[in-house]
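So this one's upload_18.txt, compact mmCIF, C-alpha atoms and all ligand atoms:
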```
# COMPACT_ATOMS: atom_id res chain seq x y z
CA MET A 1 51.08 -94.33 -151.41
CA LYS A 2 49.66 -97.28 -153.30
CA GLY A 3 51.36 -99.40 -155.99
CA VAL A 4 50.15 -100.54 -159.40
CA VAL A 5 51.83 -103.24 -161.52
CA LEU A 6 50.74 -103.23 -165.17
CA ALA A 7 50.91 -106.74 -166.61
CA GLY A 8 48.38 -106.70 -169.44
CA GLY A 9 49.09 -106.49 -173.16
CA SER A 10 49.56 -109.30 -175.65
CA GLY A 11 53.36 -109.68 -175.54
CA SER A 12 53.26 -109.99 -179.32
CA ARG A 13 56.92 -109.05 -179.67
CA LEU A 14 57.71 -112.35 -177.93
CA PHE A 15 55.58 -114.63 -180.12
CA PRO A 16 55.58 -117.65 -180.18
CA ILE A 17 56.71 -117.92 -176.52
CA THR A 18 53.80 -115.76 -175.37
CA ARG A 19 51.20 -117.56 -177.49
CA VAL A 20 49.99 -119.73 -174.60
CA THR A 21 51.11 -117.69 -171.60
CA ASN A 22 51.35 -114.09 -170.44
CA LYS A 23 54.73 -112.39 -170.95
CA HIS A 24 55.01 -111.52 -167.26
CA LEU A 25 54.81 -115.18 -166.25
CA LEU A 26 57.91 -116.07 -168.28
CA PRO A 27 61.06 -116.77 -166.26
CA VAL A 28 63.75 -114.17 -165.81
CA TYR A 29 66.66 -116.24 -164.47
CA ASP A 30 65.20 -117.91 -161.35
CA LYS A 31 61.83 -116.15 -160.94
CA PRO A 32 58.74 -115.28 -162.98
CA MET A 33 59.14 -111.82 -164.57
CA VAL A 34 56.28 -110.29 -162.54
CA TYR A 35 58.10 -110.99 -159.26
CA TYR A 36 60.64 -108.24 -159.99
CA PRO A 37 58.28 -105.23 -160.32
CA ILE A 38 56.26 -106.38 -157.31
CA GLN A 39 59.48 -106.61 -155.29
CA THR A 40 60.47 -103.12 -156.46
CA LEU A 41 57.25 -101.71 -154.96
CA VAL A 42 57.55 -103.74 -151.75
CA ASN A 43 61.17 -102.61 -151.30
CA ALA A 44 59.98 -99.01 -151.53
CA GLY A 45 57.69 -99.62 -148.55
CA ILE A 46 54.48 -99.94 -150.59
CA ARG A 47 52.10 -102.52 -149.15
CA GLU A 48 48.83 -101.92 -151.01
CA ILE A 49 49.35 -103.22 -154.53
CA LEU A 50 47.05 -103.71 -157.52
CA LEU A 51 48.04 -106.00 -160.40
CA VAL A 52 46.38 -105.22 -163.73
CA THR A 53 46.47 -108.05 -166.22
CA GLY A 54 44.46 -109.36 -169.17
CA GLY A 55 44.31 -112.00 -171.85
CA LYS A 56 43.61 -115.70 -171.55
CA ASN A 57 46.01 -116.48 -168.71
CA ALA A 58 44.89 -113.97 -166.09
CA GLY A 59 43.92 -116.79 -163.69
CA ASP A 60 47.53 -117.99 -163.65
CA PHE A 61 48.57 -114.81 -161.80
CA LEU A 62 46.21 -115.70 -158.97
CA ARG A 63 47.63 -119.23 -158.83
CA LEU A 64 51.19 -117.89 -158.85
CA LEU A 65 50.88 -114.90 -156.53
CA GLY A 66 47.84 -115.61 -154.36
CA ASN A 67 47.63 -112.90 -151.73
CA GLY A 68 51.29 -111.94 -152.07
CA LYS A 69 52.60 -114.06 -149.18
CA HIS A 70 55.94 -114.53 -150.96
CA PHE A 71 56.44 -110.76 -150.72
CA GLY A 72 55.31 -110.48 -147.10
CA LEU A 73 51.99 -108.94 -148.16
CA LYS A 74 48.68 -109.65 -146.44
CA HIS A 75 46.67 -109.01 -149.56
CA LEU A 76 47.10 -108.48 -153.28
CA ASN A 77 44.48 -106.79 -155.49
CA TYR A 78 43.75 -107.78 -159.08
CA THR A 79 41.88 -106.27 -161.99
CA TYR A 80 41.36 -107.23 -165.63
CA GLN A 81 42.03 -105.18 -168.77
CA GLU A 82 39.79 -106.11 -171.71
CA GLY A 83 41.99 -105.98 -174.83
CA GLU A 84 45.26 -104.10 -174.92
CA GLY A 85 44.36 -100.43 -175.28
CA GLY A 86 47.64 -99.16 -173.91
CA ILE A 87 49.54 -98.53 -170.70
CA ALA A 88 47.45 -95.50 -169.75
CA GLU A 89 44.21 -97.45 -170.36
CA ALA A 90 45.47 -100.20 -168.04
CA LEU A 91 46.37 -97.60 -165.42
CA GLY A 92 42.91 -96.04 -165.70
CA LEU A 93 41.52 -99.27 -164.25
CA ALA A 94 43.28 -98.42 -160.97
CA GLU A 95 41.14 -95.32 -160.30
CA ASP A 96 38.82 -96.90 -157.72
CA PHE A 97 41.71 -98.74 -156.07
CA ALA A 98 43.73 -95.51 -155.68
CA GLU A 99 40.91 -93.80 -153.74
CA GLY A 100 42.55 -90.38 -154.10
CA ASP A 101 45.95 -91.54 -152.82
CA THR A 102 49.26 -91.01 -154.64
CA ILE A 103 50.43 -93.98 -156.72
CA CYS A 104 53.64 -95.60 -157.85
CA VAL A 105 53.14 -97.37 -161.18
CA ILE A 106 55.55 -99.96 -162.57
CA LEU A 107 55.42 -101.78 -165.88
CA GLY A 108 55.38 -105.54 -165.42
CA ASP A 109 58.39 -106.06 -167.70
CA ASN A 110 60.69 -103.51 -166.04
CA ILE A 111 63.50 -104.81 -163.83
CA ILE A 112 66.00 -102.74 -161.86
CA GLU A 113 69.25 -103.53 -160.11
CA THR A 114 68.66 -101.46 -157.00
CA ASN A 115 65.62 -99.67 -155.58
CA ILE A 116 63.50 -96.54 -155.88
CA CYS A 117 63.43 -95.61 -152.19
CA SER A 118 64.99 -92.14 -152.59
CA ALA A 119 62.74 -91.25 -155.55
CA VAL A 120 59.66 -92.29 -153.56
CA GLU A 121 60.80 -90.27 -150.53
CA ASN A 122 61.49 -87.22 -152.70
CA PHE A 123 58.09 -87.54 -154.37
CA LYS A 124 56.36 -87.62 -150.98
CA LYS A 125 57.81 -84.13 -150.34
CA GLN A 126 56.38 -82.89 -153.65
CA GLU A 127 53.02 -81.18 -153.12
CA ARG A 128 51.50 -82.26 -156.42
CA GLY A 129 52.31 -83.53 -159.88
CA GLY A 130 54.29 -86.52 -161.03
CA LYS A 131 57.81 -87.86 -161.16
CA ILE A 132 59.53 -89.90 -163.85
CA LEU A 133 62.83 -91.76 -163.75
CA LEU A 134 65.39 -91.54 -166.52
CA LYS A 135 68.19 -93.78 -167.68
CA GLU A 136 70.80 -93.11 -170.35
CA VAL A 137 70.66 -95.79 -173.05
CA SER A 138 72.24 -96.46 -176.44
CA ASP A 139 68.92 -97.46 -178.11
CA ALA A 140 66.65 -94.59 -177.05
CA GLU A 141 64.41 -94.98 -180.11
CA ARG A 142 62.84 -98.05 -178.41
CA PHE A 143 61.46 -95.97 -175.52
CA GLY A 144 59.81 -92.77 -174.39
CA VAL A 145 62.64 -90.22 -174.74
CA ALA A 146 63.04 -87.03 -172.70
CA GLU A 147 63.99 -83.80 -174.43
CA ILE A 148 66.21 -81.94 -172.00
CA ARG A 149 67.11 -78.26 -172.12
CA GLU A 150 69.12 -76.51 -169.41
CA ASN A 151 68.66 -79.46 -167.07
CA GLN A 152 64.88 -79.42 -167.58
CA VAL A 153 62.69 -81.98 -169.33
CA ILE A 154 60.68 -79.93 -171.82
CA GLY A 155 58.89 -82.81 -173.54
CA ILE A 156 58.78 -86.56 -174.04
CA GLU A 157 58.47 -88.36 -177.38
CA GLU A 158 57.32 -91.97 -177.65
CA LYS A 159 59.70 -94.10 -179.74
CA PRO A 160 61.04 -91.23 -181.89
CA HIS A 161 62.89 -92.11 -185.10
CA VAL A 162 65.49 -89.49 -184.21
CA PRO A 163 65.70 -89.25 -180.40
CA LYS A 164 66.38 -85.78 -178.99
CA SER A 165 68.50 -87.27 -176.18
CA ASN A 166 69.72 -90.63 -174.95
CA HIS A 167 67.58 -90.35 -171.79
CA ALA A 168 64.93 -93.10 -171.82
CA VAL A 169 61.89 -92.70 -169.58
CA ILE A 170 61.82 -95.94 -167.63
CA GLY A 171 58.58 -97.73 -166.75
CA ILE A 172 58.26 -96.47 -163.18
CA TYR A 173 56.03 -93.45 -162.61
CA LEU A 174 54.89 -91.57 -159.50
CA TYR A 175 51.62 -89.67 -159.75
CA ASP A 176 49.27 -87.53 -157.73
CA PRO A 177 45.51 -88.31 -157.93
CA THR A 178 45.01 -85.98 -160.93
CA VAL A 179 46.52 -88.70 -163.13
CA PHE A 180 43.06 -90.22 -163.64
CA GLU A 181 41.53 -86.96 -164.81
CA LYS A 182 44.45 -86.71 -167.27
CA ILE A 183 43.82 -90.28 -168.50
CA HIS A 184 40.16 -89.38 -169.15
CA ARG A 185 41.39 -86.58 -171.46
CA LEU A 186 43.61 -88.86 -173.58
CA LYS A 187 42.97 -89.70 -177.22
CA PRO A 188 44.35 -92.91 -178.81
CA SER A 189 47.75 -92.49 -180.47
CA GLY A 190 48.65 -93.49 -184.04
CA ARG A 191 49.10 -97.06 -182.85
CA GLY A 192 45.62 -97.00 -181.28
CA GLU A 193 46.76 -96.94 -177.64
CA LEU A 194 46.33 -94.56 -174.71
CA GLU A 195 49.95 -93.55 -174.14
CA ILE A 196 51.59 -93.01 -170.77
CA THR A 197 53.90 -90.54 -172.54
CA ASP A 198 50.87 -88.32 -173.25
CA VAL A 199 50.00 -88.42 -169.53
CA ASN A 200 53.55 -87.34 -168.67
CA ASN A 201 53.40 -84.54 -171.24
CA PHE A 202 50.19 -83.24 -169.57
CA TYR A 203 52.17 -82.99 -166.33
CA ILE A 204 55.00 -81.19 -168.18
CA GLU A 205 52.48 -78.68 -169.60
CA GLU A 206 51.32 -78.05 -166.04
CA GLY A 207 54.92 -77.61 -164.88
CA THR A 208 54.49 -80.27 -162.19
CA LEU A 209 56.62 -83.16 -163.48
CA THR A 210 59.96 -83.81 -161.78
CA CYS A 211 62.62 -86.29 -162.88
CA GLU A 212 65.43 -88.26 -161.34
CA LYS A 213 68.09 -90.48 -162.81
CA LEU A 214 67.87 -94.09 -161.74
CA HIS A 215 71.05 -95.63 -160.39
CA GLY A 216 72.19 -99.14 -161.17
CA TRP A 217 71.08 -100.99 -164.29
CA TRP A 218 67.54 -100.98 -165.70
CA THR A 219 66.06 -103.12 -168.42
CA ASP A 220 62.73 -104.00 -169.91
CA ALA A 221 62.16 -107.63 -170.96
CA GLY A 222 59.58 -107.33 -173.72
CA THR A 223 61.70 -108.27 -176.74
CA PHE A 224 63.91 -111.32 -177.31
CA GLU A 225 67.00 -109.16 -176.99
CA SER A 226 65.93 -107.42 -173.78
CA LEU A 227 64.58 -110.65 -172.25
CA LEU A 228 67.99 -112.26 -172.77
CA ARG A 229 69.67 -109.15 -171.36
CA ALA A 230 67.38 -109.24 -168.31
CA ASN A 231 68.21 -112.90 -167.68
CA ASN A 232 71.95 -112.24 -167.96
CA LEU A 233 71.88 -109.14 -165.73
CA VAL A 234 69.87 -110.85 -163.00
CA ALA A 235 72.07 -113.96 -163.14
CA LYS A 236 75.24 -111.87 -162.97
CA THR A 237 74.44 -109.23 -160.34
CA GLY A 238 70.97 -109.93 -158.91
CA ALA A 239 68.06 -107.46 -158.99
CA ASN A 240 66.13 -105.31 -156.49
CA LYS A 241 69.08 -104.73 -154.19
CA MET A 242 68.49 -102.59 -151.14
CA THR A 243 72.10 -101.44 -150.86
CA GLU A 244 72.80 -98.09 -152.47
CA THR A 245 75.33 -97.79 -155.27
CA ASN A 246 78.21 -95.34 -154.81
CA ASP A 247 76.64 -92.71 -157.00
CA SER A 248 73.20 -92.90 -155.40
CA ALA A 249 73.57 -89.58 -153.62
CA ALA A 250 74.14 -87.83 -156.93
CA VAL A 251 70.47 -87.67 -157.82
CA MET A 252 69.71 -85.41 -160.76
CA SER A 253 66.57 -83.53 -159.81
CA MET A 254 64.99 -81.46 -162.48
CA GLU A 255 61.87 -79.42 -162.77
CA ALA A 256 60.11 -80.28 -165.97
CA THR A 257 58.41 -77.46 -167.83
CA ARG A 258 57.59 -76.61 -171.39
O1 LIG B 1 59.97 -99.89 -170.62
C1 LIG B 1 59.82 -98.52 -170.67
C2 LIG B 1 58.95 -98.08 -171.84
O2 LIG B 1 57.67 -98.75 -171.70
C3 LIG B 1 58.78 -96.56 -171.88
O3 LIG B 1 60.02 -95.93 -172.19
C4 LIG B 1 57.76 -96.17 -172.92
O4 LIG B 1 57.54 -94.78 -172.87
C5 LIG B 1 56.43 -96.90 -172.67
O5 LIG B 1 55.48 -96.61 -173.65
C6 LIG B 1 56.67 -98.41 -172.65
O6 LIG B 1 57.05 -98.81 -173.96
P1 LIG B 1 56.86 -100.30 -174.50
O7 LIG B 1 56.63 -100.27 -175.96
O8 LIG B 1 58.01 -101.11 -174.05
O9 LIG B 1 55.53 -100.78 -173.78
P2 LIG B 1 54.80 -102.17 -173.92
O10 LIG B 1 53.73 -102.07 -174.95
O11 LIG B 1 55.81 -103.27 -174.09
O12 LIG B 1 54.14 -102.33 -172.50
C7 LIG B 1 54.92 -102.36 -171.32
C8 LIG B 1 54.13 -103.00 -170.21
O13 LIG B 1 52.90 -102.30 -170.00
C9 LIG B 1 53.75 -104.43 -170.50
O14 LIG B 1 54.78 -105.28 -170.01
C10 LIG B 1 52.44 -104.60 -169.81
C11 LIG B 1 51.86 -103.20 -169.70
N1 LIG B 1 50.71 -103.00 -170.61
C12 LIG B 1 50.93 -102.63 -171.92
C13 LIG B 1 49.86 -102.45 -172.78
C14 LIG B 1 50.09 -102.01 -174.22
C15 LIG B 1 49.42 -103.20 -170.16
O15 LIG B 1 49.23 -103.56 -168.96
N2 LIG B 1 48.35 -103.02 -171.01
C16 LIG B 1 48.52 -102.64 -172.32
O16 LIG B 1 47.50 -102.47 -173.04
```
Represent the structure from my file as structure tokens, please.
Ligand code: DAU
Amino acid sequence: MKGVVLAGGSGSRLFPITRVTNKHLLPVYDKPMVYYPIQTLVNAGIREILLVTGGKNAGDFLRLLGNGKHFGLKHLNYTYQEGEGGIAEALGLAEDFAEGDTICVILGDNIIETNICSAVENFKKQERGGKILLKEVSDAERFGVAEIRENQVIGIEEKPHVPKSNHAVIGIYLYDPTVFEKIHRLKPSGRGELEITDVNNFYIEEGTLTCEKLHGWWTDAGTFESLLRANNLVAKTGANKMTETNDSAAVMSMEATR
């Protein structure tokens, strides 16, 4: 399995602090934001990693991360997204890198308390399809939201005004190689982006998307409120812990079908 960190986009929700730098280079407590998603992949045993970035500060990632020595990597791959056409557009740039392998994708502003080792192991046993991770939140309208019926995810809505559940789809996705064919079929959404939620709904239509609940805290860091929350959570408890929480065995596995 290969890993992809998506660190493009304009970070406009954090203007003016992202006017002269990329959001993922901002500090979260004692490290640059992008360190956390890379560590999440490394902790899951993934050693071949591609970082997708864009904008005017792309060169700063190379200066900061080099070949990934800080993470014990021999090599780090980079590619450049022209503009900010959406998460799925950024992921589409990983097609050649993936070379037909399965991939674990993580958004560059997503930080977790623990690790995704069990989800990755469970996905490896899955013959095909994808896997998403869910987290119950009080502000679901900010995220992709799973509609759940009889313990099955029957659809996902991107930032719904009236969420059908409080289960947010977090920014960590496991996909088989058909993800790129699905990305080629996407049409831009109302906000002009290729949406990762549409990719996940293609998998649901196929009946090949599975879900698990993530254990420990999860946050994004793309708004002032969530960036502050991320800083406070990391300062208080630390992130990317390898130790399992007490409830980690209680994984909710669900087949997702429409
Ligand atoms: O954090 C989880 C949420 O992330 C999911 O629940 C949503 O379904 C998903 O759409 C996404 O929502 P956001 O509105 O928070 O996504 P945002 O535009 O902030 O992008 C998240 C990351 O994706 C960003 O840190 C960098 C990367 N990205 C984004 C865009 C739009 C790119 O690499 N290129 C892009 O063009």
Exercise. Could you please determine the separation between atom CA of Ile170 of chain A and atom CA of Arg63 of chain A in Å, to one decimal place?
Key: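 Atom-to-atom, atom CA of Ile170 of chain A to atom CA of Arg63 of chain A, that is 28.7 Å.
Interatomic distance, atom CA of Phe143 of chain A against atom O9 of ligand LIG 1 (chain B): 7.8 Å.
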Quiz item: Counting only C-alpha atoms, which of A:Ile132, A:Ala88, A:Leu50, A:Val179 gets nearest to Glu193 of chain A?
Solution: A:Ala88
Close residues, Asp101 of chain A itself excluded, 9 Å, all atoms listed in the file, min 6 positions apart in chain, as a JSON list (two decimals) with C-alpha atoms, in the coordinates of the input:
```json
[["chain", "number", "residue", "atom", "x", "y", "z"],
["A", 1, "MET", "CA", 51.08, -94.33, -151.41],
["A", 2, "LYS", "CA", 49.66, -97.28, -153.30],
["A", 176, "ASP", "CA", 49.27, -87.53, -157.73],
["A", 177, "PRO", "CA", 45.51, -88.31, -157.93]]
```
Counting all atoms listed in the file, what are the residues of chain A within 8 Å of ligand LIG 1 (chain B), and for each of them which pair of atoms is the nearest and at what distance in Å, to one decimal? Sort the table by chain and rising number, as CSV.
```
residue,atom,partner,partner_atom,distance
A:Val5,CA,B:LIG1,O15,7.9
A:Leu6,CA,B:LIG1,O15,4.1
A:Ala7,CA,B:LIG1,C10,4.1
A:Gly8,CA,B:LIG1,O15,3.3
A:Gly9,CA,B:LIG1,C16,4.0
A:Ser10,CA,B:LIG1,C13,7.4
A:Gly11,CA,B:LIG1,O11,7.0
A:Lys23,CA,B:LIG1,O14,7.2
A:His24,CA,B:LIG1,O14,6.8
A:Val52,CA,B:LIG1,O15,6.2
A:Thr53,CA,B:LIG1,O15,5.9
A:Gly54,CA,B:LIG1,O15,7.5
A:Gln81,CA,B:LIG1,N2,7.0
A:Gly83,CA,B:LIG1,O16,6.8
A:Glu84,CA,B:LIG1,O16,3.3
A:Gly85,CA,B:LIG1,O16,4.4
A:Gly86,CA,B:LIG1,O16,3.4
A:Ile87,CA,B:LIG1,C13,4.4
A:Ala88,CA,B:LIG1,C16,7.7
A:Glu89,CA,B:LIG1,O16,6.6
A:Ala90,CA,B:LIG1,N2,5.0
A:Leu91,CA,B:LIG1,O15,7.5
A:Leu107,CA,B:LIG1,C8,4.7
A:Gly108,CA,B:LIG1,O14,4.6
A:Asp109,CA,B:LIG1,O14,4.4
A:Asn110,CA,B:LIG1,O1,5.9
A:Arg142,CA,B:LIG1,O7,7.0
A:Phe143,CA,B:LIG1,O3,3.6
A:Gly144,CA,B:LIG1,O4,3.4
A:Val145,CA,B:LIG1,O3,6.8
A:Glu157,CA,B:LIG1,O4,7.9
A:Glu158,CA,B:LIG1,O4,5.5
A:Lys159,CA,B:LIG1,O4,7.2
A:Ala168,CA,B:LIG1,O3,5.7
A:Val169,CA,B:LIG1,O3,4.6
A:Ile170,CA,B:LIG1,C1,4.5
A:Gly171,CA,B:LIG1,C1,4.2
A:Ile172,CA,B:LIG1,C1,7.9
A:Glu193,CA,B:LIG1,C14,7.0
A:Glu195,CA,B:LIG1,O5,6.3
A:Ile196,CA,B:LIG1,O5,6.0
A:Thr197,CA,B:LIG1,O4,5.6
A:Thr219,CA,B:LIG1,O1,7.2
A:Asp220,CA,B:LIG1,O1,5.0
A:Ala221,CA,B:LIG1,O14,7.8
A:Gly222,CA,B:LIG1,O11,5.6
```
Quiz item: What lies within 10 Å of Arg47 of chain A using all atoms listed in the file, ignoring chain neighbours under 2 positions off, as a PyMOL selection string?
Solution: chain A and resi 1-3+38+41-45+49-50+68+71-76
Quiz item: Any idea what the distance is between atom CA of Lys236 of chain A and atom CA of Gly216 of chain A?
Solution: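 Taking atom CA of Lys236 of chain A as the start and atom CA of Gly216 of chain A as the end point, the length is 13.2 Å.
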Practice problem: Have a look at A:Val4, A:Ala140, A:Leu14, A:Val120 and name the one nearest to Phe97 of chain A; count all atoms listed in the file. | Solution: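 Closest to Phe97 of chain A, using all atoms listed in the file: A:Val4.
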Self-check item: Nearest to His184 of chain A by atom-to-atom distance, counting all atoms listed in the file, from A:Lys125, A:Pro32, A:Leu93, A:Pro37
Solution: A:Leu93
Practice problem: Name all residues at most 8 Å from Asn166 of chain A (count all atoms listed in the file; drop same-chain ones fewer than 4 positions away) and give them as a PyMOL selection string. | Solution: chain A and resi 136-140+145-146
Give, as JSON, the centre coordinates and the x, y and z edge lengths in Å to one decimal for an axis-aligned box around all listed atoms of segment 102-108 of chain A, padded by 3 Å on each side.
```
{"center_x": 52.4, "center_y": -98.3, "center_z": -160.3, "size_x": 12.3, "size_y": 20.5, "size_z": 17.2}
```
Quiz item: Out of A:Leu134, A:Val162, A:Cys211, A:Leu64, which residue has the shortest atom-to-atom distance to Asn122 of chain A when counting all atoms listed in the file?
Solution: A:Cys211
Using the partial input, fill out segment 81-90 of chain A with all heavy atoms; write the result as a PDB file, keeping the file's coordinate frame.
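Saved as out.pdb:
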```
ATOM      1  N   GLN A  81      42.135-106.088-167.622  1.00  0.00           N
ATOM      2  CA  GLN A  81      42.030-105.180-168.770  1.00  0.00           C
ATOM      3  C   GLN A  81      41.497-105.947-169.977  1.00  0.00           C
ATOM      4  O   GLN A  81      42.113-106.920-170.417  1.00  0.00           O
ATOM      5  CB  GLN A  81      43.424-104.603-169.102  1.00  0.00           C
ATOM      6  CG  GLN A  81      43.406-103.611-170.261  1.00  0.00           C
ATOM      7  CD  GLN A  81      44.818-103.171-170.698  1.00  0.00           C
ATOM      8  OE1 GLN A  81      45.812-103.829-170.384  1.00  0.00           O
ATOM      9  NE2 GLN A  81      44.876-102.071-171.416  1.00  0.00           N
ATOM     10  N   GLU A  82      40.340-105.503-170.487  1.00  0.00           N
ATOM     11  CA  GLU A  82      39.790-106.110-171.710  1.00  0.00           C
ATOM     12  C   GLU A  82      40.601-105.580-172.888  1.00  0.00           C
ATOM     13  O   GLU A  82      40.700-104.372-173.059  1.00  0.00           O
ATOM     14  CB  GLU A  82      38.339-105.666-171.928  1.00  0.00           C
ATOM     15  CG  GLU A  82      37.415-105.905-170.764  1.00  0.00           C
ATOM     16  CD  GLU A  82      36.733-107.263-170.838  1.00  0.00           C
ATOM     17  OE1 GLU A  82      36.910-107.958-171.858  1.00  0.00           O
ATOM     18  OE2 GLU A  82      36.041-107.614-169.865  1.00  0.00           O
ATOM     19  N   GLY A  83      41.187-106.427-173.687  1.00  0.00           N
ATOM     20  CA  GLY A  83      41.990-105.980-174.830  1.00  0.00           C
ATOM     21  C   GLY A  83      43.316-105.418-174.365  1.00  0.00           C
ATOM     22  O   GLY A  83      43.745-105.624-173.218  1.00  0.00           O
ATOM     23  N   GLU A  84      43.985-104.697-175.293  1.00  0.00           N
ATOM     24  CA  GLU A  84      45.260-104.100-174.920  1.00  0.00           C
ATOM     25  C   GLU A  84      45.320-102.675-175.442  1.00  0.00           C
ATOM     26  O   GLU A  84      46.059-102.364-176.370  1.00  0.00           O
ATOM     27  CB  GLU A  84      46.451-104.943-175.392  1.00  0.00           C
ATOM     28  CG  GLU A  84      46.471-105.347-176.839  1.00  0.00           C
ATOM     29  CD  GLU A  84      45.983-106.777-177.079  1.00  0.00           C
ATOM     30  OE1 GLU A  84      45.707-107.514-176.120  1.00  0.00           O
ATOM     31  OE2 GLU A  84      45.868-107.136-178.237  1.00  0.00           O
ATOM     32  N   GLY A  85      44.526-101.811-174.826  1.00  0.00           N
ATOM     33  CA  GLY A  85      44.360-100.430-175.280  1.00  0.00           C
ATOM     34  C   GLY A  85      45.444 -99.484-174.823  1.00  0.00           C
ATOM     35  O   GLY A  85      45.305 -98.264-174.976  1.00  0.00           O
ATOM     36  N   GLY A  86      46.515-100.024-174.267  1.00  0.00           N
ATOM     37  CA  GLY A  86      47.640 -99.160-173.910  1.00  0.00           C
ATOM     38  C   GLY A  86      47.904 -99.091-172.411  1.00  0.00           C
ATOM     39  O   GLY A  86      47.053 -99.452-171.592  1.00  0.00           O
ATOM     40  N   ILE A  87      49.094 -98.611-172.102  1.00  0.00           N
ATOM     41  CA  ILE A  87      49.540 -98.530-170.700  1.00  0.00           C
ATOM     42  C   ILE A  87      48.627 -97.605-169.894  1.00  0.00           C
ATOM     43  O   ILE A  87      48.220 -97.925-168.777  1.00  0.00           O
ATOM     44  CB  ILE A  87      51.009 -98.062-170.658  1.00  0.00           C
ATOM     45  CG1 ILE A  87      51.909 -99.142-171.287  1.00  0.00           C
ATOM     46  CG2 ILE A  87      51.451 -97.733-169.240  1.00  0.00           C
ATOM     47  CD1 ILE A  87      53.347 -98.722-171.506  1.00  0.00           C
ATOM     48  N   ALA A  88      48.282 -96.452-170.496  1.00  0.00           N
ATOM     49  CA  ALA A  88      47.450 -95.500-169.750  1.00  0.00           C
ATOM     50  C   ALA A  88      46.032 -96.044-169.568  1.00  0.00           C
ATOM     51  O   ALA A  88      45.392 -95.781-168.543  1.00  0.00           O
ATOM     52  CB  ALA A  88      47.418 -94.151-170.467  1.00  0.00           C
ATOM     53  N   GLU A  89      45.535 -96.824-170.539  1.00  0.00           N
ATOM     54  CA  GLU A  89      44.210 -97.450-170.360  1.00  0.00           C
ATOM     55  C   GLU A  89      44.258 -98.429-169.194  1.00  0.00           C
ATOM     56  O   GLU A  89      43.364 -98.440-168.338  1.00  0.00           O
ATOM     57  CB  GLU A  89      43.773 -98.180-171.629  1.00  0.00           C
ATOM     58  CG  GLU A  89      42.367 -98.731-171.493  1.00  0.00           C
ATOM     59  CD  GLU A  89      42.035 -99.824-172.499  1.00  0.00           C
ATOM     60  OE1 GLU A  89      42.608-100.933-172.411  1.00  0.00           O
ATOM     61  OE2 GLU A  89      41.178 -99.581-173.359  1.00  0.00           O
ATOM     62  N   ALA A  90      45.327 -99.238-169.145  1.00  0.00           N
ATOM     63  CA  ALA A  90      45.470-100.200-168.040  1.00  0.00           C
ATOM     64  C   ALA A  90      45.539 -99.465-166.704  1.00  0.00           C
ATOM     65  O   ALA A  90      44.929 -99.884-165.717  1.00  0.00           O
ATOM     66  CB  ALA A  90      46.727-101.051-168.260  1.00  0.00           C
TER      67      ALA A  90
END
```
